[in-house]
Structures are given as C-alpha cells and as structure tokens.
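Undergrad: Supplied in structure tokens, the structure appears directly below.
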Amino acid sequence: MKASLNWLNQYLQYPISAKQAAEILTQTGLEVENISTINSNPNGLDGVVIGKVIEKEKHPDADRLSITKVDVGGDLLLQIVCGAPNVEIGQTVVVATIGTALSTSKGRVEIKKSKIRGVESQGMICAEDEIGIGNSHDGIIVLPDSIEPGTPASAYYDKISDTVMELNITPNRVDATSHIGIARDISAYMAVHEKPNSLQIPAIANTDYKYNQATLIHVSVGNAKACPRYAGAYIRNIKVAPSPDWIQEKLISIGLKPINNIVDITNYVLFETGHPLHAFDVSSITGKQIIIRLANKDEKIVTLDSIERQLYPDDLVICDTEKPLCIAGVYGGINSGVKDTTTDIFIESAYFSPEFIRRTAKRQGLHTDASFRFERGADIQQVDFALRRVIDLIVEITGGYVDGSLIDILSEPINLCEISLHWDYLNQISGIHLPQDICLQILTSLGFHITYKDEKLVTVTVPSAKVDVRREVDLVEEILRIYGYDKIPLGNTLTAVLKNEPELPLRTYRNKTAEFLISNGFNESVTLSLDHSIYYPSSNELVFVENPISSELDIMRPTLLFSMLKSAAHNINRRSTRLRFFEFGRTYIKKASNPYAEKPMLGLLMTGEEHPDAWYHTKQKVDFHSIYGVCTSILSKVGVNQGCLEINKQPPFYYETAFNSYADEKKTTLLYTCGKIAAAVLKKIDIKQEIWFAEIHWNHILENISFHYPHFTDLPKFPLVIRDLAMLIDLSVSYKQIENLVRKLFNEKLYDLTLFDVYEGKNIPKGKKSYAIRLTLYNAEKTFTDKEVDEMIQKLITTLTQSLGAEIRSNL
C-alpha cells in the first residue's frame with residue numbers, strides 16, 4: 001500500500017519527516033519497502049509545460065499512434081504524434097516542447113521537431129518516468145482540468161511536492177490499510193518514545209442524520225451471514241464534475257487516477273479510513289430497491305472493465321428487482337456507476353464477510369482496493385463513521401443533500417472481544433519488567449478500551465479493526481511492537497538446551513545425497529508444491545486446489561518436472577545455460593483406490609555442456625550417460641543396489657525417451673526414471689535446449705538401503721591378470737545377466753569387471769549386438785599361472801554360450 005506523507009501529517013498534531021515516519025513504521029511492524037518523492041525533476045523541467053488535448057485522430061500509417069493538437073497557452077496549437085493508449089480529447093497533460101532536454105530511464109533525450117511515420121510532431125506528451133516524477137510508463141500523465149494551459153510544469157509539481165512510502169501490509173494488519181490507521185501507530189509510538197503527537201481524526205460536520213428503514217430506497221439483506229451490516233444514504237441534486245485539486249493531488253500521490261468528484265470522494269474516504277464505499281446511480285436502480293443476496297444460477301454481470309462475468313451461487317451480489325448492480329465488496333457494474341449525467345446517488349457503506357469476498361475475488365481474478373480490505377476483515381464499527389464522512393464531503397463539494405434518513409441494517413449486535421492481560425505473563429514473555437502506566441498508555445493509544453485493571457491484570461475490549469488480536473499473547477505483541485523490541489536489553493547469559501540425540505537416519509541420507517550433489521556442481525532448487533493444470537493432457541489424476549491463489553497455481557504438482565523447468569528457463573533466459581539442479585519435494589496424485597497419494601521425490605535436472613568452458617575440456621553436451629551416472633552414484637552413496645535397468649516403453653508424456661531402474665530383477669520396486677524431456681513439453685516453457693531429467697522415488701530408496709560400513713582390504717600381494725572378451729549376444733540379453741553370471745562363476749577371484757564397448761549396426765547380424773568386457777582376476781594366495789587363467793576363461797566361454805547363447809568373437 002502507498003501512503004502519502006502530506007496526507008499522514010493531516011492526522012497528526014505535529015508534522016514529521018519522511019525519515020522519521022519510515023523508522024517508526026518499520027519499528028512497529030509496518031515495513032517501509034520504498035520511499036519516493038513527487039516533485040520537479042532533479043535536472044529541472046525547463047521547457048515542460050501543461051497542455052490540453054484539443055483534437056485527436058488516428059495516424060494513417062500506424063494503428064497504435066494518434067495525431068493530437070495540444071493547447072500549450074500560445075497562439076497556435078502544437079501537433080504532437082502520441083503513442084500512449086490513454087490519450088483522449090479534453091485531457092490536461094504534460095508537454096515537453098521543442099528544445100527541451102529530459103533525463104529519462106533510457107538516458108538524456110532532447111526533444112526536436114521530427115516526422116513520425118511521415119507526420120510532423122512538435123513535442124512530446126509525457127509519462128511519469130519521462131519527467132522524473134515516478135516510474136510508470138503505462139500511459140501519459142493526466143492532470144486536474146483546473147490547471148491553465150501554458151503553466152510551467154515546475155510550478156505545478158513544486159506545489160504538490162510530497163513523499164510517498166510503499167508499505168508491506170501483512171494480512172493480519174487490516175487496521176493499517178488507511179492513513180488514519182498508519183497515523184495511529186505513529187502517534188502511539190511517539191507518545192512513548194518522543195514528544196506526544198496526538199491523533200487528529202476528522203470531525204463529522206453534520207451529526208443530525210438519523211437512521212430509519214422507511215427511506216426512499218428500500219434495502220433488504222437476503223444473506224446475513226455474508227453481509228452482517230449494510231448502511232446507506234440517498235443523496236439528491238448532486239452535480240458530477242472534476243473533484244477539487246486537494247483531493248486529486250492526494251489521489252495522484254498514491255497512484256490513483258482522478259475520475260470525478262463522487263468517485264474521487266469515495267476513494268479518498270477509503271484511503272483515509274480504510275473502509276470501502278460504493279456509489280450507485282439511483283436512476284439505474286430498478287424498483288428503487290437494493291437487495292443483498294447470493295447470485296442465481298447462470299446469472300451474469302458486466303463489470304466496470306466491460307467484461308461479462310459468470311456469477312456462481314456463492315458469489316454475493318448487490319441487486320435491484322431485476323439484475324445485479326455490482327459484485328459485493330469486489331467490483332462495480334458498468335451500468336450502475338456514477339455518470340456525468342447522474343443527479344441522485346445511493347451511497348453504500350457495508351461490512352461483508354471475508355470468506356465470501358476472498359472466494360469470489362480469487363475465482364473472478366479480481367484484486368481491488370475494496371476486496372483487499374474486505375478479504376482481511378474490514379472494521380464493522382467503521383461502517384457508520386465512513387458513511388457520515390463521505391456524506392459530509394459529497395454535500396460540501398457537490399451541493400447535494402440527504403433525502404430521508406440513513407439506512408443501517410445490523411443482523412446481530414456487535415460483540416467485541418474482551419481479553420485479560422496478566423502483568424506477570426507480560427513480564428515473563430517480554431523478559432523484562434515493563435511499567436504498567438506505559439503499557440496502559442500504549443493500549444489506549446491503539447484504540448483498546450480498558451474495562452478493568454488492578455495490580456495483577458488489566459482487561460481490555462479489543463477494537464473491531466484489530467482482527468488479529470484474540471489472545472493474551474496478542475496483547476503482549478501489541479505492547480512490545482510499540483514499546484520497541486530493540487529496547488529489550490540483551491542479557492549477560494545465554495541459555496541453551498543441548499540435546500544428545502542421534503541424527504534421524506532419514507535426514508542423514510538426505511543430507512549425504514545433497515552434499516554429494518552440491519560437491520558435483522549441482523544447485524538445490526526450492527519451488528512451490530502448486531502447479532498449472534494446463535501442462536497436463538489429462539486431469540484424471542490431478543489434485544485440484546479449491547479457491548486457488550492464482551489460475552496458474554490450480555493443482556498440487558504430480559511431478560517435480562515443471563517447477564524445475566521454470567527455474568531452468570529463468571536461468572537460461574539470463575544466459576546461464578549450463579545447469580545442474582536437484583530438488584527434494586513431494587508430489588501429489590489422485591487414485592481410485594486411495595483418494596490421494598503423496599510421494600517424497602528427488603528430482604535431478606541437467607542441461608547444457610558436460611563440463612565448464614575451459615581449454616582442457618572437450619565440448620560435449622549432457623546426455624543419457626550424464627544423468628544415469630549421477631543416479632547410480634546416488635544409489636551407491638546411500639547403499640542401494642540397482643537390480644536392473646530397462647527402457648520404458650510407455651514413459652510419462654513429458655519424456656521423449658526414458659529408462660526405469662528397479663531394485664530387483666522382478667521389477668517390483670521402481671527406484672528411478674530418467675531420460676530426455678520431449679521437445680513439445682519444452683516448447684510450452686520456452687526452452688530451446690535439451691533437458692535431461694530424473695525422478696528418484698525417495699521412499700523406495702530408503703526402503704532398500706543395505707549399507708555396509710566400509711572396511712579396509714589389503715593391497716594386492718600378487719599380480720592382477722587382465723583379459724578382454726568380445727561376444728555377440730541377442731538384443732534381449734542385458735549386461736546385468738552377464739555380470740551376474742561372471743560374478744557367480746569366479747566369486748572372490750573376480751577383482752573387477754567392466755563393460756567397455758557396445759556396438760550394433762554394420763557387420764553385426766540382425767537381432768544381435770556386440771559386447772566387450774574386461775575381466776580383472778586376482779588370487780589372494782598365489783600368482784595365477786597361464787594354464788589356470790586359460791581354464792577359467794574357457795569355462796566362462798562355455799557358460800556364456802550355453803546360458804546366454806553368446807558367440808565369442810575374440811579372447812585376449
């Protein structure tokens with residue numbers, strides 16, 4: 001949320017500086033993320049003037065350009081070619097005339113007479129970033145109509161000089177979504193730490209308005225749970241016009257565009273009090289009835305953005321006798337809002353239940369200033385003050401009057417939360433002895449009403465705006481954030497409890513694996529468990545999220561792949577193309593037998609060059625052997641034997657080719673799947689280079705650990721014997737079969753076995769492949785003789801021929 005310093009100072013007895021305000025707000029839990037100044041460009045605004053758009057027509061040779069005629073106070077209108085989408089006739093704009101030098105985000109620019117697509121342009125209509133008063137380049141600056149054409153821009157911007165702070169408002173601090181709420185925290189803090197600076201809340205000018213249901217607009221609440229309180233007023237004989245400069249300047253300072261006096265006043269009161277309001281054109285209310293109800297089946301509404309929206313049965317809407325007028329607490333309807341011809345309005349001030357507003361806003365993809373507050377729990381007691389405040393301003397500025405009584409429908413009495421705070425508990429939690437008088441002063445200045453106090457405790461009534469204060473510990477937090485956490489002294493001793501407990505085995509193996517991967521050039525990625533259903537061709541096994549925070553995060557991820565691909569794409573787009581990622585995470589699928597299955601997985605992603613760029617490395621891309629080698633190394637590291645590896649003939653849709661590794665020959669336990677990601681999948685993520693990926697079933701890894709502690713073996717005392725054997729075998733025979741046969745035959749006399757060549761193709765019979773293995777033999781008791789070795793090799797050849805149908809090609 002943006003807060004104007006000038007605006008804040010209206011509600012404080014003494015003005016404070018931007019630096020002081022930022023320090024206080026950060027101390028009290030409202031983090032100030034950015035501070036910007038609205039004033040003249042530091043390099044000057046010489047040659048920049050205020051103008052008014054008199055004419056506008058489409059450029060003959062460019063769809064996105066407009067040819068405008070602008071009055072800048074001289075005898076002649078300036079012809080300016082403008083590319084802004086929001087330029088319109090009648091707007092008051094900022095114009096850089098010929099010869100002006102501007103310092104923009106793209107560097108220093110001198111405005112010259114030029115031709116744009118064959119049409120002469122005599123200046124430039126400016127956006128915020130082009131004259132240094134902001135960062136927006138979404139469109140041109142539109143100023144209040146009261147400014148005379150030809151006025152130097154420096155004179156205008158010096159007049160409205162202001163400092164704007166951007167605050168990070170956490171979901172629990174709805175009380176701080178207004179200038180009065182922010183000023184209350186500042187006032188409470190200064191009362192304790194500096195000179196008192198009392199809060200100055202605007203007084204209601206006319207308190208004679210009474211509440212009565214018998215008014216000219218009849219209101220009925222059809223769902224009291226969704227709308228516990230609804231208030232309103234019928235104001236007649238208004239004149240819609242531009243709002244006064246002081247209101248426009250306040251709204252512009254926080255990034256809002258002035259519309260007209262009615263809309264601007266409701267926005268002004270919203271950011272002043274934190275309570276949303278809405279104005280209806282009475283002429284659009286059929287039957288002179290306002291009905292608050294849930295939407296009917298298949299009901300639709302066209303909202304202010306001209307989009308027709310489908311309503312759902314649990315969407316709360318404000319209706320007349322025929323149609324919806326707006327989506328309650330979220331967005332107005334295009335036909336019921338205030339127009340230039342409006343003379344009578346109905347002002348709404350209500351409290352809507354957060355769960356209804358949150359659900360509707362998320363589903364409709366709408367995030368408005370009103371929904372932002374209602375979702376978090378607006379102040380139900382603020383309904384009356386906000387209504388009377390907006391009435392005061394509308395009557396004063398537009399000349400209208402309230403016809404009849406005010407309406408206020410309250411479904412049940414407001415029961416405020418009451419909490420007792422024990423002084424001993426406060427001192428125990430804070431670690432220090434806090435003076436009771438300071439604590440009482442803090443609570444009072446924050447709006448808490450003290451109903452009882454003695455030497456042991458204090459009981460307070462919590463203001464309805466403090467939706468997060470419900471327990472005794474919450475009162476402790478309120479006191480400490482104003483008192484200042486930095487004022488709590490650090491003790492001379494540090495107490496700690498040391499636990500002598502063995503590390504959990506599961507965590508040990510995970511840490512070992514992570515350390516191994518990091519030492520081999522991998523980086524750990526941590527991504528959301530949410531994913532987008534658009535990536536998956538079938539939704540049968542997807543676990544959908546109810547009321548997702550975004551339409552692009554609507555499912556629980558069934559694989560780690562797409563979240564890791566997005567991380568890869570982010571890096572590749574920034575010219576980091578050699579990537580090694582790993583991620584421990586959970587995947588989620590829906591099954592017929594068990595409604596939901598949640599699996600711990602380890603994902604590996606490799607892409608780019610095999611080795612970093614260096615003169616001593618040969619250029620080589622990552623391939624199957626790269627990802628397979630890492631997988632087998634992980635199994636070896638944690639002590640899992642790989643039973644067999646085979647090609648996956650029906651891999652998941654995102655693989656082009658894939659292999660499965662099992663814990664045994666029976667293929668009952670899948671350890672991992674690895675392979676190359678399909679090009680069509682990569683295209684969806686906008687990745688143009690090959691990606692190799694592995695999914696390791698971490699629960700299966702842990703179930704199959706047979707780790708033996710390492711032990712020392714004496715170095716060979718006798719010579720090793722090395723023999724190579726080349727053979728032709730059927731394509732169906734795996735290397736694992738050969739390995740098992742050799743190990744069983746030679747037992748402890750086999751020192752090492754390596755497959756060093758595999759060949760299929762030219763000069764090899766159809767259905768066959770060539771394997772070349774290297775055997776290293778060793779006898780721990782004596783030196784092998786040639787005769788003994790020959791006999792062993794001949795026995796192996798006979799066994800291979802008889803058992804596997806091998807045809808020996810050479811024996812060296």
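Note on naming: chains are A, B, ... as they come in the structure tokens, residues start from 1 per chain, ligands start from 1 in the order shown.
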Name the residues of range 671-722 of chain A that come out as strand (DSSP E) in a backbone DSSP run; write them as a ChimeraX atom specification.
TA: /A:671-677,691-697,721-722
Undergrad: Quick one: residues within 12 Å of Arg743 in chain A, only C-alpha atoms, excluding same-chain residues fewer than 3 positions away - as a PDB file with N, CA, C and O atoms, in the first residue's frame?
TA:
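Generated file (result-v4.pdb):
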ATOM      1  N   LYS A 736      23.421 -56.899 -17.210  1.00  0.00           N
ATOM      2  CA  LYS A 736      23.262 -57.364 -15.828  1.00  0.00           C
ATOM      3  C   LYS A 736      23.273 -58.890 -15.767  1.00  0.00           C
ATOM      4  O   LYS A 736      23.823 -59.486 -14.833  1.00  0.00           O
ATOM      5  N   GLN A 737      22.703 -59.554 -16.774  1.00  0.00           N
ATOM      6  CA  GLN A 737      22.704 -61.016 -16.822  1.00  0.00           C
ATOM      7  C   GLN A 737      24.140 -61.535 -16.951  1.00  0.00           C
ATOM      8  O   GLN A 737      24.515 -62.505 -16.292  1.00  0.00           O
ATOM      9  N   ILE A 738      24.922 -60.867 -17.811  1.00  0.00           N
ATOM     10  CA  ILE A 738      26.322 -61.283 -17.990  1.00  0.00           C
ATOM     11  C   ILE A 738      27.088 -61.061 -16.695  1.00  0.00           C
ATOM     12  O   ILE A 738      27.851 -61.931 -16.235  1.00  0.00           O
ATOM     13  N   GLU A 739      26.885 -59.919 -16.067  1.00  0.00           N
ATOM     14  CA  GLU A 739      27.596 -59.597 -14.829  1.00  0.00           C
ATOM     15  C   GLU A 739      27.278 -60.617 -13.731  1.00  0.00           C
ATOM     16  O   GLU A 739      28.176 -61.114 -13.034  1.00  0.00           O
ATOM     17  N   ASN A 740      25.997 -60.943 -13.573  1.00  0.00           N
ATOM     18  CA  ASN A 740      25.605 -61.900 -12.533  1.00  0.00           C
ATOM     19  C   ASN A 740      26.242 -63.271 -12.780  1.00  0.00           C
ATOM     20  O   ASN A 740      26.703 -63.943 -11.839  1.00  0.00           O
ATOM     21  N   PHE A 746      33.158 -66.791 -10.878  1.00  0.00           N
ATOM     22  CA  PHE A 746      34.506 -66.526 -10.383  1.00  0.00           C
ATOM     23  C   PHE A 746      34.540 -66.149  -8.897  1.00  0.00           C
ATOM     24  O   PHE A 746      35.601 -66.211  -8.272  1.00  0.00           O
ATOM     25  N   ASN A 747      33.425 -65.709  -8.382  1.00  0.00           N
ATOM     26  CA  ASN A 747      33.305 -65.392  -6.955  1.00  0.00           C
ATOM     27  C   ASN A 747      34.402 -64.425  -6.513  1.00  0.00           C
ATOM     28  O   ASN A 747      34.608 -63.386  -7.144  1.00  0.00           O
ATOM     29  N   GLU A 748      35.180 -64.786  -5.455  1.00  0.00           N
ATOM     30  CA  GLU A 748      36.145 -63.837  -4.899  1.00  0.00           C
ATOM     31  C   GLU A 748      37.367 -63.644  -5.785  1.00  0.00           C
ATOM     32  O   GLU A 748      38.175 -62.738  -5.556  1.00  0.00           O
ATOM     33  N   LYS A 749      37.513 -64.486  -6.826  1.00  0.00           N
ATOM     34  CA  LYS A 749      38.670 -64.343  -7.714  1.00  0.00           C
ATOM     35  C   LYS A 749      38.444 -63.271  -8.787  1.00  0.00           C
ATOM     36  O   LYS A 749      39.364 -62.960  -9.530  1.00  0.00           O
ATOM     37  N   LEU A 750      37.246 -62.733  -8.846  1.00  0.00           N
ATOM     38  CA  LEU A 750      36.973 -61.633  -9.771  1.00  0.00           C
ATOM     39  C   LEU A 750      37.247 -60.322  -9.040  1.00  0.00           C
ATOM     40  O   LEU A 750      36.533 -59.920  -8.117  1.00  0.00           O
ATOM     41  N   TYR A 751      38.292 -59.636  -9.447  1.00  0.00           N
ATOM     42  CA  TYR A 751      38.694 -58.393  -8.801  1.00  0.00           C
ATOM     43  C   TYR A 751      37.901 -57.205  -9.352  1.00  0.00           C
ATOM     44  O   TYR A 751      37.504 -56.318  -8.628  1.00  0.00           O
ATOM     45  N   ASP A 752      37.637 -57.224 -10.679  1.00  0.00           N
ATOM     46  CA  ASP A 752      36.877 -56.126 -11.306  1.00  0.00           C
ATOM     47  C   ASP A 752      36.298 -56.618 -12.623  1.00  0.00           C
ATOM     48  O   ASP A 752      36.859 -57.511 -13.268  1.00  0.00           O
ATOM     49  N   LEU A 753      35.170 -56.015 -12.994  1.00  0.00           N
ATOM     50  CA  LEU A 753      34.520 -56.347 -14.257  1.00  0.00           C
ATOM     51  C   LEU A 753      34.004 -55.066 -14.883  1.00  0.00           C
ATOM     52  O   LEU A 753      33.301 -54.292 -14.233  1.00  0.00           O
ATOM     53  N   THR A 754      34.334 -54.844 -16.171  1.00  0.00           N
ATOM     54  CA  THR A 754      33.948 -53.612 -16.846  1.00  0.00           C
ATOM     55  C   THR A 754      33.422 -53.917 -18.246  1.00  0.00           C
ATOM     56  O   THR A 754      33.997 -54.733 -18.970  1.00  0.00           O
ATOM     57  N   LEU A 775      37.879 -58.390 -17.778  1.00  0.00           N
ATOM     58  CA  LEU A 775      37.905 -59.082 -16.504  1.00  0.00           C
ATOM     59  C   LEU A 775      39.256 -58.873 -15.845  1.00  0.00           C
ATOM     60  O   LEU A 775      40.313 -59.024 -16.494  1.00  0.00           O
ATOM     61  N   THR A 776      39.260 -58.516 -14.582  1.00  0.00           N
ATOM     62  CA  THR A 776      40.492 -58.420 -13.799  1.00  0.00           C
ATOM     63  C   THR A 776      40.416 -59.510 -12.723  1.00  0.00           C
ATOM     64  O   THR A 776      39.516 -59.480 -11.868  1.00  0.00           O
ATOM     65  N   LEU A 777      41.346 -60.484 -12.813  1.00  0.00           N
ATOM     66  CA  LEU A 777      41.334 -61.638 -11.916  1.00  0.00           C
ATOM     67  C   LEU A 777      42.451 -61.529 -10.894  1.00  0.00           C
ATOM     68  O   LEU A 777      43.525 -60.976 -11.165  1.00  0.00           O
ATOM     69  N   LEU A 796      34.274 -69.883 -18.593  1.00  0.00           N
ATOM     70  CA  LEU A 796      33.353 -68.741 -18.737  1.00  0.00           C
ATOM     71  C   LEU A 796      32.733 -68.736 -20.127  1.00  0.00           C
ATOM     72  O   LEU A 796      31.521 -68.514 -20.285  1.00  0.00           O
TER      73      LEU A 796
END
Undergrad: Compile the contact shell of Ala694 in chain A as number ranges by chain: residues with an atom at most 12 Å away, counting only C-alpha atoms, same-chain residues fewer than 4 positions apart removed.
TA: A: 559-561, 564, 580-583, 601-606, 624-632, 634, 652, 654-655, 657-661, 671-677, 698
Undergrad: Quick one: residues within 12 Å of Lys113 in chain A, only C-alpha atoms counted, chain neighbours fewer than 4 positions away excluded, as a PyMOL selection string?
TA: chain A and resi 78-81+96-100+119-124
Undergrad: Quick one: write out the picked residues with N, CA and C atoms as a tab-separated table (two decimals), in the first residue's frame?
TA:
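Generated file (part33.tsv):
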chain	number	residue	atom	x	y	z
A	78	LEU	N	-0.10	22.92	-30.92
A	78	LEU	CA	1.02	22.07	-31.31
A	78	LEU	C	0.48	20.73	-31.81
A	79	GLN	N	1.01	20.30	-32.97
A	79	GLN	CA	0.67	18.97	-33.47
A	79	GLN	C	1.68	17.98	-32.90
A	80	ILE	N	1.20	17.00	-32.15
A	80	ILE	CA	2.09	16.03	-31.50
A	80	ILE	C	1.59	14.63	-31.80
A	81	VAL	N	2.50	13.78	-32.29
A	81	VAL	CA	2.19	12.36	-32.51
A	81	VAL	C	2.43	11.63	-31.19
A	96	ALA	N	6.43	18.25	-23.27
A	96	ALA	CA	7.82	18.68	-23.44
A	96	ALA	C	7.91	19.35	-24.81
A	97	THR	N	8.21	20.62	-24.81
A	97	THR	CA	8.24	21.37	-26.07
A	97	THR	C	9.59	21.20	-26.76
A	98	ILE	N	9.67	21.66	-28.02
A	98	ILE	CA	10.90	21.52	-28.81
A	98	ILE	C	12.06	22.24	-28.12
A	99	GLY	N	13.20	21.55	-28.04
A	99	GLY	CA	14.38	22.11	-27.39
A	99	GLY	C	14.55	21.65	-25.95
A	100	THR	N	13.54	21.00	-25.39
A	100	THR	CA	13.63	20.53	-24.00
A	100	THR	C	14.53	19.30	-23.93
A	119	VAL	N	4.40	12.00	-40.42
A	119	VAL	CA	3.60	13.09	-39.84
A	119	VAL	C	4.47	13.89	-38.89
A	120	GLU	N	4.45	15.23	-39.07
A	120	GLU	CA	5.29	16.10	-38.24
A	120	GLU	C	4.80	16.10	-36.78
A	121	SER	N	5.76	16.04	-35.85
A	121	SER	CA	5.46	16.09	-34.42
A	121	SER	C	6.26	17.20	-33.79
A	122	GLN	N	5.58	18.09	-33.02
A	122	GLN	CA	6.20	19.30	-32.48
A	122	GLN	C	6.37	19.25	-30.96
A	123	GLY	N	6.65	18.08	-30.44
A	123	GLY	CA	6.85	17.95	-28.99
A	123	GLY	C	6.52	16.55	-28.54
A	124	MET	N	6.39	16.39	-27.24
A	124	MET	CA	6.08	15.07	-26.69
A	124	MET	C	5.15	15.21	-25.49
Undergrad: Within 6 Å of range 161-174 of chain A, counting only C-alpha atoms, which residues show up once you throw out same-chain ones fewer than 2 positions away? Write them as a PyMOL selection string, please.
TA: chain A and resi 1-5+31-39+158-159+176-177+468
Undergrad: Between CA of Lys466 in chain A and CA of Ile292 in chain A, measure the distance and give it in Å to one decimal.
TA: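 About the pair CA of Lys466 in chain A and CA of Ile292 in chain A: they are 26.2 Å apart.
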Undergrad: Under the rule that only C-alpha atoms are counted, which of A:Gly74, A:Pro765, A:Gly404, A:Gly118 is the nearest residue to Gly232 in chain A?
TA: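 When distances to Gly232 in chain A are compared using only C-alpha atoms, the smallest one comes from A:Gly404.
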Undergrad: From a DSSP calculation on the backbone, collect every residue of range 712-753 of chain A in helix (DSSP H, G or I) and output the set as a list of chain:residue names.
TA: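 Residues meeting the helix (DSSP H, G or I) criterion: A:Tyr735, A:Lys736, A:Gln737, A:Ile738, A:Glu739, A:Asn740, A:Leu741, A:Val742, A:Arg743, A:Lys744, A:Leu745, A:Phe746, A:Asn747, A:Glu748, A:Lys749.
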Undergrad: Of the residues A:Cys126, A:Ile24, A:Val467, A:Ile235, which is the one nearest to Val49 in chain A, using only C-alpha atoms?
TA: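 Using only C-alpha atoms, Val49 in chain A sits closest to A:Cys126.
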Undergrad: For range 150-157 of chain A, find every residue with an atom within 7 Å (counting only C-alpha atoms), except residues of its own chain fewer than 4 positions away, and show them as a list of chain:residue names.
TA: A:Asn39, A:Ser40, A:Leu45, A:Val48, A:Val49, A:Ile50, A:Gly51, A:Val72, A:Gly73, A:Ser161
Undergrad: Tell me which protein, DNA and RNA residues are within 9 Å of Gln91 in chain A, counting only C-alpha atoms, leaving out same-chain ones fewer than 3 positions away, and put them as a PDB file with C-alpha atoms, in the first residue's frame.
TA:
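Saved to out08.pdb:
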ATOM      1  CA  GLY A  51      -1.254  21.499 -22.090  1.00  0.00           C
ATOM      2  CA  LYS A  52      -4.781  20.498 -23.040  1.00  0.00           C
ATOM      3  CA  VAL A  53      -5.602  17.979 -25.805  1.00  0.00           C
ATOM      4  CA  ILE A  54      -7.979  19.743 -28.221  1.00  0.00           C
ATOM      5  CA  VAL A  87      -4.640   9.888 -24.664  1.00  0.00           C
ATOM      6  CA  GLU A  88      -8.077  11.498 -25.152  1.00  0.00           C
ATOM      7  CA  VAL A 142      -3.424  13.181 -16.835  1.00  0.00           C
ATOM      8  CA  LEU A 143      -3.736  16.208 -14.512  1.00  0.00           C
ATOM      9  CA  PRO A 144      -6.720  18.085 -12.996  1.00  0.00           C
ATOM     10  CA  ASP A 145      -8.637  20.199 -15.521  1.00  0.00           C
TER      11      ASP A 145
END
Undergrad: Tell me, in Å to one decimal, how far CA of Cys417 in chain A is from CA of Val460 in chain A.
TA: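 About the pair CA of Cys417 in chain A and CA of Val460 in chain A: they are 8.5 Å apart.
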Undergrad: Could you state the separation of CA of Cys319 in chain A and CA of Val402 in chain A in Å, given to one decimal place?
TA: 21.9 Å
